[in-house]
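Asker: Handing you a structure now.
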Number of protein chains: 2
Amino acid sequence: MTDRLGGGVRRKRPTMRDVAREAGVALRTVSRVVNSDPTVGAHLVSRVQAAISALDYAPDERAQQLRRGTSGTIGAAVRNLADAHPVLSAVDMASRSHGLAVLAMSTEDDEAREREAVMSMCGRRVDGIVIEPIGTSHDYLSAELAGGLPLVAVDRPCGGVEADAVLSDNAAGIGMAYRQLSVHGHRRIAYIGDDERIFTGRERAAAFRACVAASGGPLSGMVHPGVVTSSRVASALASVLSGPSPATALITGNVATTIEALRYLGADAGRLALVGFDDFTLADILRPALTVVAQNSAEIGRTAIDLLTARAADPGRPVQTVTIPVELIARGSGELPPPV
Amino acid sequence: MTDRLGGGVRRKRPTMRDVAREAGVALRTVSRVVNSDPTVGAHLVSRVQAAISALDYAPDERAQQLRRGTSGTIGAAVRNLADAHPVLSAVDMASRSHGLAVLAMSTEDDEAREREAVMSMCGRRVDGIVIEPIGTSHDYLSAELAGGLPLVAVDRPCGGVEADAVLSDNAAGIGMAYRQLSVHGHRRIAYIGDDERIFTGRERAAAFRACVAASGGPLSGMVHPGVVTSSRVASALASVLSGPSPATALITGNVATTIEALRYLGADAGRLALVGFDDFTLADILRPALTVVAQNSAEIGRTAIDLLTARAADPGRPVQTVTIPVELIARGSGELPPPV
DNA sequence: CTGAAAGCGCTAACAC
DNA sequence: GTGTTAGCGCTTTCAG
């Protein structure tokens, strides 16, 4: 049901022509004043400005863009607009400092929606796109990329096309989490995280396996990548905590998993050492407060805009993947000792 | 530093003309095909479509909009893009079902930024604006409103201009919270919330005072509206909990206050009955789990879009304020008994 | 320093 | 059914 707005009568907006007529000058002069061209006589400037405010004139950016050939806008296709989204916020800020507006659209974690959103951005001729990729194949963008559209992926790389990317140092993060737990005496450490079909799920699970291998700890039954649902996390956790030699510590691979794990553990949360990948607002008021590997979202967003502007300035530059360091924030849950 | 993108050479995009030439038809025919006008011969349709995909043509929406006179976009000016924003999400969804795109911009809780964002939306000739007002005066919009711009405020009303609004039932929510605590035996109930200069802060504090008055409870020293900072909430809480007859229960007026209160209480959180205004993602995994008055953000967003479309269809309709019911979600913290 | 004319990419009246 | 012609609101050569 596409019922574009505008059924009712809406007083016509004043156009530049109207202003010109009102001020008794040529169209071109109004344009100059609007764009603060210094080569206009002070006298005319004030007359035009008077006309502008008398008519409440505001230039139509679409027409400006059309004529100028640039939109002054970058698109941000993110997983959703509802959850905390520090990267989007950082992108927004960084863009503003470049004089660019941000057109944010959500992909709802859906491949088709992502494509739709991105295509709509292209239709609006955005000057660049920041994408948090969902789909595994992004070759629907290859034409745009070949045409020089600056595109940068955040959090995960795009699939099937060459594009700049800004990623967190997943391996280092898992390493920090593992080391923290080891240092506090844990030998039997488990991991529950995203499906390995997802880039970050794959990277983090692999890093975890590498840590276990390097430390000579037990691996069997300790790694549980998979879809993040309440029931899947619950059963993984149940399996990890049962048997003759249960895990004494857990690493969760993303916020959703962390939360599901906490939900499952309930009042027993204080009896299992826990380090979560990715920080979230209330992690510090949980009891025990949650130790996390925090991604530097602000830096990710800033870097994304840097890459975007760099590519816009030089479309031929080599494609680049930037890895942003993560940080361990010890708050208590990761420093719990193993039971004696 | 306004350095609009586009420094580098970017291959010119194909235009409708190019498609027409490629397909050997007139411009108008391509336009018809693009807009799926049924009056085009099947033969030509396929020829045009072949040309379109051969050239990777995508219509320029700005030009379409300019010509059509409508943008197919609504603006959403919200406090920020970082925090959870279910209203924005709902606006997004509801808009999509009307075939409208959403241009989301953050106001960063700043009056000047709000104005900037809204003006930029007007410059883009959005078909309507959903705003979470920050400033107290919105008469910079009066010209747009007079011109028929559909505008709807969410969460709080606009100041100084007549505009539709969608608000939560603050008074009822405070009433629910108060009643829940009363029912569980509390007589000395305190309130800490937003500054009364803020609309919701004012409404909720007033409702609280009315509840106390109606129930004949003690009022003096129990109401603490003010700016929500860590220190202000801490000192309010300290004052409320000290003295000969301290409060045994607390109502917090917004999420930020709730969280600061929990931070201050720390391990003692289980000893003070607490009901927070507004739900948040992790309220259920706290211990005790948090009893809240939940606003129906999804309904707020949907209603906002309904009002927007209604006004677009009939600019002369009377201005309307819709109040959305809230709901008490009992999770434990609000059902704690007073100490004996 | 200012103004007339062309045209950005597209759609909407009209002819054919 | 299809092509021609205007023009949306603006910027921008290029003359005055």
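Chain identifiers are assigned as A, B, and so on, following the order in which chains appear in the structure tokens; residues are numbered from 1 within each chain, and ligands are numbered from 1 in order of appearance.
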Could you please write out, as a PyMOL selection string, every residue of region 12-232 of chain A that DSSP assigns to strand (DSSP E)?
Answerer: chain A and resi 73-78+101-106+129-131+151-154+164-168+189-193+223-225
Asker: Which residues of chain C are close to chain B, meaning at most 6 Å apart when you count only C-alpha atoms (C1' of nucleotides), and how do they look as a ChimeraX atom specification?
Answerer: /C:9-11
Asker: Write out, as a compact mmCIF listing (two decimals), in the first residue's frame, the residues just selected, with C-alpha atoms (C1' of nucleotides).
Answerer:
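Resulting contents of again_20.txt:
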# COMPACT_ATOMS: atom_id res chain seq x y z
C1' DG C 9 17.17 13.87 -14.58
C1' DC C 10 12.93 13.16 -14.53
C1' DT C 11 7.36 13.17 -15.24
Asker: Between CA of Ala207 (chain A) and CA of Leu241 (chain A), what is the spacing in Å?
Answerer: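 It comes out at 21.6 Å.
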Asker: Quick one, how far is CA of Ser46 (chain A) from C1' of DC1 (chain C)?
Answerer: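 For CA of Ser46 (chain A) relative to C1' of DC1 (chain C), the distance reads 15.6 Å.
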Asker: Could you write out as a list in words the residues of chain D within 6 Å of chain A, counting only C-alpha atoms (C1' of nucleotides)?
Answerer: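 The answer, sorted by residue number, is DG9, DC10 and DT11 of chain D.
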Asker: Determine, counting only C-alpha atoms (C1' of nucleotides), which protein, DNA and RNA residues have an atom within 7 Å of an atom of Leu88 (chain B); residues of the same chain fewer than 2 positions away are not included. Present the result as a list in words.
Answerer: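 Counting only C-alpha atoms (C1' of nucleotides), the residues come to Leu81 and Ala82 of chain A; His85, Pro86, Ala90, Val91, Asp92 and Gly301 of chain B.
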Asker: Output N, CA and C atoms for every residue in that selection, as an mmCIF file, in the first residue's frame.
Answerer:
data_model
loop_
_atom_site.group_PDB
_atom_site.id
_atom_site.type_symbol
_atom_site.label_atom_id
_atom_site.label_comp_id
_atom_site.auth_asym_id
_atom_site.auth_seq_id
_atom_site.Cartn_x
_atom_site.Cartn_y
_atom_site.Cartn_z
ATOM 1 N N LEU A 81 17.385 0.196 14.183
ATOM 2 C CA LEU A 81 17.396 1.525 14.745
ATOM 3 C C LEU A 81 16.941 1.493 16.200
ATOM 4 N N ALA A 82 16.537 0.325 16.652
ATOM 5 C CA ALA A 82 15.949 0.245 17.988
ATOM 6 C C ALA A 82 17.022 0.041 19.056
ATOM 7 N N HIS B 85 15.883 2.865 20.813
ATOM 8 C CA HIS B 85 14.870 3.799 20.381
ATOM 9 C C HIS B 85 13.699 3.103 19.720
ATOM 10 N N PRO B 86 12.881 2.442 20.524
ATOM 11 C CA PRO B 86 11.766 1.688 19.966
ATOM 12 C C PRO B 86 10.775 2.544 19.199
ATOM 13 N N ALA B 90 9.504 1.848 15.436
ATOM 14 C CA ALA B 90 8.095 1.726 15.073
ATOM 15 C C ALA B 90 7.738 2.711 13.959
ATOM 16 N N VAL B 91 8.272 3.902 14.051
ATOM 17 C CA VAL B 91 8.036 4.900 13.011
ATOM 18 C C VAL B 91 8.549 4.375 11.675
ATOM 19 N N ASP B 92 9.711 3.784 11.735
ATOM 20 C CA ASP B 92 10.341 3.226 10.551
ATOM 21 C C ASP B 92 9.438 2.183 9.902
ATOM 22 N N GLY B 301 4.767 5.061 18.051
ATOM 23 C CA GLY B 301 5.305 5.261 16.704
ATOM 24 C C GLY B 301 4.243 5.106 15.636
#
Asker: Find, counting only C-alpha atoms, the residue in A:Pro288, A:Pro244, A:Pro318, A:Pro325 that gets nearest to chain B.
Answerer: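 Closest to chain B, using only C-alpha atoms: A:Pro288.
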Asker: May I ask for the distance between CA of Thr291 (chain A) and CA of Ser168 (chain A), given in Å to one decimal place?
Answerer: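 Here the two named atoms are 17.8 Å from each other.
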Asker: What lies within 7 Å of region 180-194 of chain B using only C-alpha atoms (C1' of nucleotides), ignoring chain neighbours under 5 positions off, as an mmCIF file with N, CA, C and O atoms, in the first residue's frame?
Answerer:
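Just written: selection23.cif:
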data_model
loop_
_atom_site.group_PDB
_atom_site.id
_atom_site.type_symbol
_atom_site.label_atom_id
_atom_site.label_comp_id
_atom_site.auth_asym_id
_atom_site.auth_seq_id
_atom_site.Cartn_x
_atom_site.Cartn_y
_atom_site.Cartn_z
ATOM 1 N N GLY B 201 8.894 15.345 33.166
ATOM 2 C CA GLY B 201 9.283 15.517 34.559
ATOM 3 C C GLY B 201 8.182 16.224 35.342
ATOM 4 O O GLY B 201 7.842 15.845 36.461
ATOM 5 N N GLY B 217 -0.553 10.095 52.406
ATOM 6 C CA GLY B 217 0.804 9.755 52.826
ATOM 7 C C GLY B 217 1.643 10.999 53.080
ATOM 8 O O GLY B 217 1.200 12.117 52.801
ATOM 9 N N PRO B 218 2.858 10.817 53.568
ATOM 10 C CA PRO B 218 3.740 11.951 53.822
ATOM 11 C C PRO B 218 4.329 12.476 52.518
ATOM 12 O O PRO B 218 4.667 11.690 51.635
ATOM 13 N N MET B 222 9.843 13.951 50.091
ATOM 14 C CA MET B 222 9.672 12.728 49.308
ATOM 15 C C MET B 222 9.733 12.944 47.798
ATOM 16 O O MET B 222 9.847 11.990 47.042
ATOM 17 N N VAL B 223 9.629 14.186 47.347
ATOM 18 C CA VAL B 223 9.585 14.451 45.908
ATOM 19 C C VAL B 223 10.869 15.143 45.465
ATOM 20 O O VAL B 223 11.185 16.232 45.948
ATOM 21 N N HIS B 224 11.591 14.513 44.566
ATOM 22 C CA HIS B 224 12.884 15.051 44.140
ATOM 23 C C HIS B 224 13.018 15.137 42.625
ATOM 24 O O HIS B 224 13.726 14.340 42.019
ATOM 25 N N PRO B 225 12.365 16.112 42.037
ATOM 26 C CA PRO B 225 12.605 16.330 40.618
ATOM 27 C C PRO B 225 13.904 17.119 40.457
ATOM 28 O O PRO B 225 14.299 17.847 41.369
ATOM 29 N N GLY B 226 14.548 16.957 39.342
ATOM 30 C CA GLY B 226 15.788 17.707 39.122
ATOM 31 C C GLY B 226 16.563 17.130 37.958
ATOM 32 O O GLY B 226 16.132 16.167 37.317
ATOM 33 N N VAL B 227 17.691 17.714 37.690
ATOM 34 C CA VAL B 227 18.503 17.242 36.585
ATOM 35 C C VAL B 227 19.020 15.841 36.913
ATOM 36 O O VAL B 227 19.349 15.538 38.066
ATOM 37 N N VAL B 228 19.042 14.978 35.900
ATOM 38 C CA VAL B 228 19.428 13.592 36.162
ATOM 39 C C VAL B 228 20.929 13.411 36.005
ATOM 40 O O VAL B 228 21.427 13.120 34.924
ATOM 41 N N VAL B 240 16.474 10.756 51.056
ATOM 42 C CA VAL B 240 15.211 10.033 51.169
ATOM 43 C C VAL B 240 15.340 8.817 52.096
ATOM 44 O O VAL B 240 14.377 8.394 52.755
ATOM 45 N N ALA B 247 12.119 6.595 53.585
ATOM 46 C CA ALA B 247 11.212 5.976 52.615
ATOM 47 C C ALA B 247 11.501 4.487 52.549
ATOM 48 O O ALA B 247 12.642 4.052 52.720
ATOM 49 N N THR B 248 10.456 3.710 52.284
ATOM 50 C CA THR B 248 10.656 2.258 52.122
ATOM 51 C C THR B 248 10.491 1.858 50.672
ATOM 52 O O THR B 248 10.731 0.716 50.302
ATOM 53 N N ALA B 249 10.057 2.815 49.858
ATOM 54 C CA ALA B 249 9.840 2.511 48.438
ATOM 55 C C ALA B 249 10.151 3.744 47.607
ATOM 56 O O ALA B 249 10.065 4.874 48.088
ATOM 57 N N LEU B 250 10.501 3.474 46.343
ATOM 58 C CA LEU B 250 10.915 4.567 45.463
ATOM 59 C C LEU B 250 10.298 4.399 44.084
ATOM 60 O O LEU B 250 10.214 3.286 43.554
ATOM 61 N N ILE B 251 9.870 5.512 43.527
ATOM 62 C CA ILE B 251 9.468 5.544 42.123
ATOM 63 C C ILE B 251 10.468 6.427 41.395
ATOM 64 O O ILE B 251 10.733 7.547 41.817
ATOM 65 N N THR B 252 11.037 5.899 40.327
ATOM 66 C CA THR B 252 11.975 6.706 39.535
ATOM 67 C C THR B 252 11.278 7.141 38.254
ATOM 68 O O THR B 252 10.566 6.363 37.628
ATOM 69 N N GLY B 253 11.528 8.380 37.866
ATOM 70 C CA GLY B 253 10.743 9.000 36.808
ATOM 71 C C GLY B 253 11.183 8.740 35.381
ATOM 72 O O GLY B 253 10.484 9.100 34.441
ATOM 73 N N ASN B 254 12.335 8.142 35.198
ATOM 74 C CA ASN B 254 12.765 7.791 33.843
ATOM 75 C C ASN B 254 13.909 6.777 33.922
ATOM 76 O O ASN B 254 14.414 6.497 35.011
ATOM 77 N N THR B 257 17.262 7.870 35.569
ATOM 78 C CA THR B 257 17.176 7.957 37.021
ATOM 79 C C THR B 257 17.164 6.560 37.649
ATOM 80 O O THR B 257 17.834 6.310 38.649
ATOM 81 N N GLY B 334 9.141 -4.110 42.685
ATOM 82 C CA GLY B 334 8.042 -3.293 43.162
ATOM 83 C C GLY B 334 7.138 -4.037 44.130
ATOM 84 O O GLY B 334 6.203 -3.476 44.678
ATOM 85 N N GLU B 335 7.426 -5.307 44.313
ATOM 86 C CA GLU B 335 6.577 -6.131 45.166
ATOM 87 C C GLU B 335 7.285 -6.501 46.467
ATOM 88 O O GLU B 335 6.798 -7.331 47.245
ATOM 89 N N PRO B 337 8.247 -6.208 50.185
ATOM 90 C CA PRO B 337 7.514 -5.632 51.319
ATOM 91 C C PRO B 337 8.373 -4.595 52.038
ATOM 92 O O PRO B 337 9.604 -4.601 51.882
ATOM 93 N N PRO B 338 7.755 -3.719 52.778
ATOM 94 C CA PRO B 338 8.555 -2.793 53.589
ATOM 95 C C PRO B 338 9.257 -3.573 54.702
ATOM 96 O O PRO B 338 8.775 -4.637 55.100
#
Asker: So which one's closest to chain A, B:Thr39, B:Thr229, B:Ser215, B:Thr309? Using only C-alpha atoms, please.
Answerer: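 Once distances to chain A are computed over only C-alpha atoms, the minimum belongs to B:Thr309.
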Asker: Within 10 Å of Ile285 (chain B), counting only C-alpha atoms (C1' of nucleotides), which residues show up once you throw out same-chain ones fewer than 2 positions away? Write them as an MDAnalysis selection string, please.
Answerer: (chainID A and resid 259:260 262:267 286:287) or (chainID B and resid 281:283 287:290 331)
Asker: Using the chain letters and numbers from this document, which residues of region 106-275 of chain B does DSSP assign to alpha helix (DSSP H), as a PyMOL selection string?
Answerer: chain B and resi 111-123+142-146+170-183+199-215+230-241+255-265
Asker: Using only C-alpha atoms, which of A:Leu167, A:Ala214, A:Leu308, A:Val130 sits nearest chain B?
Answerer: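 Smallest separation from chain B among the options: A:Leu308.
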Asker: For each of B:Ser120, B:Gln320, B:Ser230, B:Thr136, take the minimum atom-to-atom distance to chain A, counting only C-alpha atoms, then give the residue where this is smallest.
Answerer: B:Ser120
